[in-house]
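As structure tokens, the structure follows; a few thoughts come after it.
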Amino acid sequence: MSLPIAPELFDVLTEYANNIAQGKVKATPSLGATSPALTFCENFYSQFFQNRLRKPIEHINLAAKQSAVRLRLELKETKAPLAVIQLITWFEKLCEIYPNVLALSYGVASKFAFFDFHENYLLTLLERTAAWARVEKHAGLEEKASASLVQLKEALHSIPR
């Protein structure tokens, strides 16, 4: 049985966390520094919507958010697992903050925006991913998401505030 998310995708975050810990990624604006984190989010949701929900997404924008809201409401009516609903809700949040996250990738956002995205968005995405993988019995994905969460938390603590 193939997994709905390629486990290798989490390797992007592992390498990114290592780069943060080694001081190669700073919270201050630097061109492309957060691109791996954004790449992870984009690919995670692309795979999740395609493979788990059977509703492919092509963009992260207002129209995608509206489609996600409709899908979430449909799934709530059919009593879909809460962990699935929470991931859809978190995609909706990404649609809202996407312009700011793009600014991080282009090196024009603030240190506050860097920490806000990583600590208030990305870590929660990994927590929700691990919870979803646990509920749907994807042990390999749960392990990868949990390991990425731990590594990223540790790496973020190494960055001076």
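Letters for chains follow the order of the structure tokens (A, B, ...), residue numbers begin at 1 for each chain, and ligand numbers begin at 1 in the order shown.
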
Among segment 70-153 of chain A, which residues does DSSP mark as alpha helix (DSSP H) when it is run on the backbone? Keep the chain and numbering as in the structure and answer as an MDAnalysis selection string. chainID A and resid 70:77 82:105 111:117 123:135 139:153

Test item: residues at most 10 Å from Pro56 of chain A, only C-alpha atoms, excluding those fewer than 4 positions along its chain, as a ChimeraX atom specification: /A:45-52,64

Those residues with C-alpha atoms, as a compact mmCIF listing (two decimals), in the first residue's frame please?
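Dumped to again04.txt:
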# COMPACT_ATOMS: atom_id res chain seq x y z
CA TYR A 45 -0.74 19.79 0.73
CA SER A 46 -0.50 18.87 -2.94
CA GLN A 47 -0.03 15.21 -1.99
CA PHE A 48 -2.59 15.31 0.84
CA PHE A 49 -5.35 16.78 -1.31
CA GLN A 50 -4.52 14.56 -4.30
CA ASN A 51 -3.90 11.24 -2.56
CA ARG A 52 -5.98 11.37 0.62
CA ALA A 64 -8.15 27.27 -3.15

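The two atoms in question, atom CA of Phe114 of chain A and atom CA of Glu42 of chain A, are spaced 17.1 Å apart.
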
What's the 12 Å shell around Leu122 of chain A, counting only C-alpha atoms, without same-chain residues fewer than 2 positions away, as a ChimeraX atom specification? /A:13,17,34,36-42,44,87,90-91,93-94,97,101,114-120,124-129,145,148-150,152-153,156

Could the residues in this selection be written to a file with N, CA and C atoms, as a short mmCIF file (atom, residue, chain, number, x, y, z; two decimals), in the first residue's frame?
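This is the output file part-v8.cif:
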data_model
loop_
_atom_site.label_atom_id
_atom_site.label_comp_id
_atom_site.auth_asym_id
_atom_site.auth_seq_id
_atom_site.Cartn_x
_atom_site.Cartn_y
_atom_site.Cartn_z
N LEU A 13 12.65 18.82 5.37
CA LEU A 13 12.65 19.54 6.65
C LEU A 13 13.81 19.11 7.54
N ALA A 17 16.30 21.76 8.97
CA ALA A 17 16.56 21.90 10.41
C ALA A 17 18.07 21.81 10.68
N THR A 34 14.04 30.42 3.57
CA THR A 34 12.92 29.59 4.04
C THR A 34 12.29 28.78 2.91
N PRO A 36 12.98 25.87 1.62
CA PRO A 36 12.67 24.46 1.91
C PRO A 36 11.41 24.29 2.75
N ALA A 37 11.16 25.18 3.69
CA ALA A 37 9.96 25.08 4.52
C ALA A 37 8.72 25.30 3.66
N LEU A 38 8.78 26.26 2.79
CA LEU A 38 7.65 26.53 1.89
C LEU A 38 7.46 25.38 0.91
N THR A 39 8.55 24.86 0.38
CA THR A 39 8.50 23.72 -0.52
C THR A 39 7.82 22.54 0.16
N PHE A 40 8.18 22.31 1.43
CA PHE A 40 7.54 21.23 2.17
C PHE A 40 6.03 21.45 2.24
N CYS A 41 5.61 22.64 2.66
CA CYS A 41 4.18 22.93 2.81
C CYS A 41 3.43 22.73 1.50
N GLU A 42 3.97 23.29 0.43
CA GLU A 42 3.30 23.19 -0.88
C GLU A 42 3.16 21.73 -1.30
N PHE A 44 3.43 18.98 0.62
CA PHE A 44 2.61 18.23 1.56
C PHE A 44 1.14 18.36 1.18
N LEU A 87 -6.27 19.32 9.30
CA LEU A 87 -5.28 19.58 8.24
C LEU A 87 -5.87 20.48 7.15
N TRP A 90 -5.90 23.92 8.44
CA TRP A 90 -4.55 24.50 8.44
C TRP A 90 -4.12 24.89 7.03
N PHE A 91 -4.62 24.19 6.02
CA PHE A 91 -4.38 24.62 4.64
C PHE A 91 -5.06 25.96 4.38
N LYS A 93 -5.53 28.26 6.50
CA LYS A 93 -4.66 29.25 7.14
C LYS A 93 -3.46 29.56 6.24
N LEU A 94 -2.88 28.54 5.63
CA LEU A 94 -1.75 28.78 4.74
C LEU A 94 -2.16 29.68 3.57
N ILE A 97 -1.96 33.24 4.86
CA ILE A 97 -0.63 33.79 5.16
C ILE A 97 0.36 33.63 4.02
N VAL A 101 4.48 34.36 3.66
CA VAL A 101 5.44 33.26 3.59
C VAL A 101 6.29 33.41 2.33
N PHE A 114 9.53 35.44 10.30
CA PHE A 114 10.23 34.16 10.25
C PHE A 114 9.79 33.26 11.41
N PHE A 115 9.87 33.78 12.63
CA PHE A 115 9.50 32.98 13.80
C PHE A 115 8.00 32.70 13.83
N ASP A 116 7.19 33.64 13.40
CA ASP A 116 5.75 33.44 13.38
C ASP A 116 5.40 32.26 12.47
N PHE A 117 5.95 32.24 11.28
CA PHE A 117 5.66 31.16 10.35
C PHE A 117 6.15 29.82 10.90
N HIS A 118 7.37 29.79 11.36
CA HIS A 118 7.94 28.52 11.81
C HIS A 118 7.29 28.01 13.10
N GLU A 119 7.14 28.86 14.07
CA GLU A 119 6.63 28.42 15.37
C GLU A 119 5.11 28.33 15.43
N ASN A 120 4.43 29.19 14.72
CA ASN A 120 2.96 29.21 14.80
C ASN A 120 2.27 28.54 13.63
N THR A 124 2.90 23.49 14.02
CA THR A 124 1.52 22.98 14.17
C THR A 124 1.18 22.05 13.01
N LEU A 125 1.63 22.38 11.81
CA LEU A 125 1.39 21.49 10.67
C LEU A 125 2.00 20.12 10.93
N LEU A 126 3.19 20.09 11.47
CA LEU A 126 3.83 18.80 11.76
C LEU A 126 3.10 18.05 12.88
N GLU A 127 2.64 18.77 13.89
CA GLU A 127 1.85 18.13 14.96
C GLU A 127 0.57 17.52 14.39
N ARG A 128 -0.11 18.29 13.56
CA ARG A 128 -1.36 17.81 12.98
C ARG A 128 -1.12 16.66 12.01
N THR A 129 0.00 16.71 11.31
CA THR A 129 0.34 15.62 10.39
C THR A 129 0.59 14.34 11.16
N ALA A 145 6.96 12.65 10.61
CA ALA A 145 6.43 13.95 11.03
C ALA A 145 6.89 14.28 12.45
N SER A 148 10.63 15.14 12.42
CA SER A 148 10.82 16.48 11.84
C SER A 148 10.42 17.56 12.83
N LEU A 149 9.35 17.32 13.56
CA LEU A 149 8.88 18.27 14.56
C LEU A 149 9.95 18.49 15.63
N VAL A 150 10.49 17.42 16.16
CA VAL A 150 11.53 17.51 17.20
C VAL A 150 12.76 18.24 16.65
N LEU A 152 13.06 20.29 14.10
CA LEU A 152 12.81 21.69 13.79
C LEU A 152 12.71 22.53 15.06
N LYS A 153 12.04 22.02 16.08
CA LYS A 153 11.95 22.74 17.35
C LYS A 153 13.35 23.01 17.91
N LEU A 156 15.18 25.64 15.82
CA LEU A 156 14.66 27.00 16.03
C LEU A 156 15.16 27.58 17.34
#

A:Arg54, A:Lys24, A:Pro4, A:Arg72: which is nearest Glu136 of chain A, counting only C-alpha atoms? A:Pro4

Would you kindly return, as a CSV table (one decimal) with N, CA and C atoms, in the first residue's frame, each protein, DNA or RNA residue with an atom no farther than 12 Å from any atom of Gln151 of chain A, considering only C-alpha atoms and excluding same-chain residues fewer than 5 positions away?
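Writing the result to selection-v1.csv gives the following:
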chain,number,residue,atom,x,y,z
A,10,PHE,N,9.7,14.6,4.1
A,10,PHE,CA,10.1,15.1,5.4
A,10,PHE,C,11.6,15.3,5.5
A,11,ASP,N,12.3,14.6,4.6
A,11,ASP,CA,13.8,14.8,4.5
A,11,ASP,C,14.1,16.2,4.2
A,12,VAL,N,13.3,16.9,3.4
A,12,VAL,CA,13.5,18.3,3.1
A,12,VAL,C,13.5,19.1,4.4
A,13,LEU,N,12.6,18.8,5.4
A,13,LEU,CA,12.6,19.5,6.6
A,13,LEU,C,13.8,19.1,7.5
A,14,THR,N,14.2,17.9,7.5
A,14,THR,CA,15.4,17.4,8.3
A,14,THR,C,16.6,18.1,7.8
A,15,GLU,N,16.8,18.2,6.5
A,15,GLU,CA,18.0,19.0,6.0
A,15,GLU,C,17.9,20.4,6.4
A,16,TYR,N,16.7,21.0,6.3
A,16,TYR,CA,16.5,22.4,6.6
A,16,TYR,C,16.8,22.7,8.1
A,17,ALA,N,16.3,21.8,9.0
A,17,ALA,CA,16.6,21.9,10.4
A,17,ALA,C,18.1,21.8,10.7
A,18,ASN,N,18.8,20.9,10.0
A,18,ASN,CA,20.2,20.8,10.1
A,18,ASN,C,20.9,22.1,9.7
A,19,ASN,N,20.4,22.7,8.6
A,19,ASN,CA,21.0,24.0,8.2
A,19,ASN,C,20.8,25.1,9.2
A,20,ILE,N,19.6,25.1,9.8
A,20,ILE,CA,19.3,26.1,10.8
A,20,ILE,C,20.3,25.9,12.0
A,21,ALA,N,20.4,24.7,12.4
A,21,ALA,CA,21.2,24.4,13.6
A,21,ALA,C,22.7,24.7,13.3
A,123,LEU,N,5.3,24.2,12.8
A,123,LEU,CA,5.3,23.3,13.9
A,123,LEU,C,3.9,22.7,14.1
A,126,LEU,N,3.2,20.1,11.5
A,126,LEU,CA,3.8,18.8,11.8
A,126,LEU,C,3.1,18.1,12.9
A,144,LYS,N,8.0,10.0,10.7
A,144,LYS,CA,8.7,11.1,10.0
A,144,LYS,C,8.3,12.5,10.5
A,145,ALA,N,7.0,12.7,10.6
A,145,ALA,CA,6.4,14.0,11.0
A,145,ALA,C,6.9,14.3,12.4
A,146,SER,N,6.8,13.3,13.3
A,146,SER,CA,7.3,13.5,14.7
A,146,SER,C,8.8,13.8,14.8
A,156,LEU,N,15.2,25.6,15.8
A,156,LEU,CA,14.7,27.0,16.0
A,156,LEU,C,15.2,27.6,17.3
A,157,HIS,N,15.3,26.7,18.4
A,157,HIS,CA,15.9,27.2,19.6
A,157,HIS,C,17.3,27.7,19.5
A,158,SER,N,18.0,27.2,18.5
A,158,SER,CA,19.4,27.6,18.3
A,158,SER,C,19.6,29.0,17.7

Would you kindly return, as a VMD selection string, each protein, DNA or RNA residue with an atom no farther than 12 Å from any atom of Arg70 of chain A, considering only C-alpha atoms and excluding same-chain residues fewer than 3 positions away? chain A and resid 55 63 to 67 73 to 77 85 88 to 89 92

Could you please determine the separation between atom CA of Ala103 of chain A and atom CA of Ala68 of chain A in Å, to one decimal place? 23.3 Å
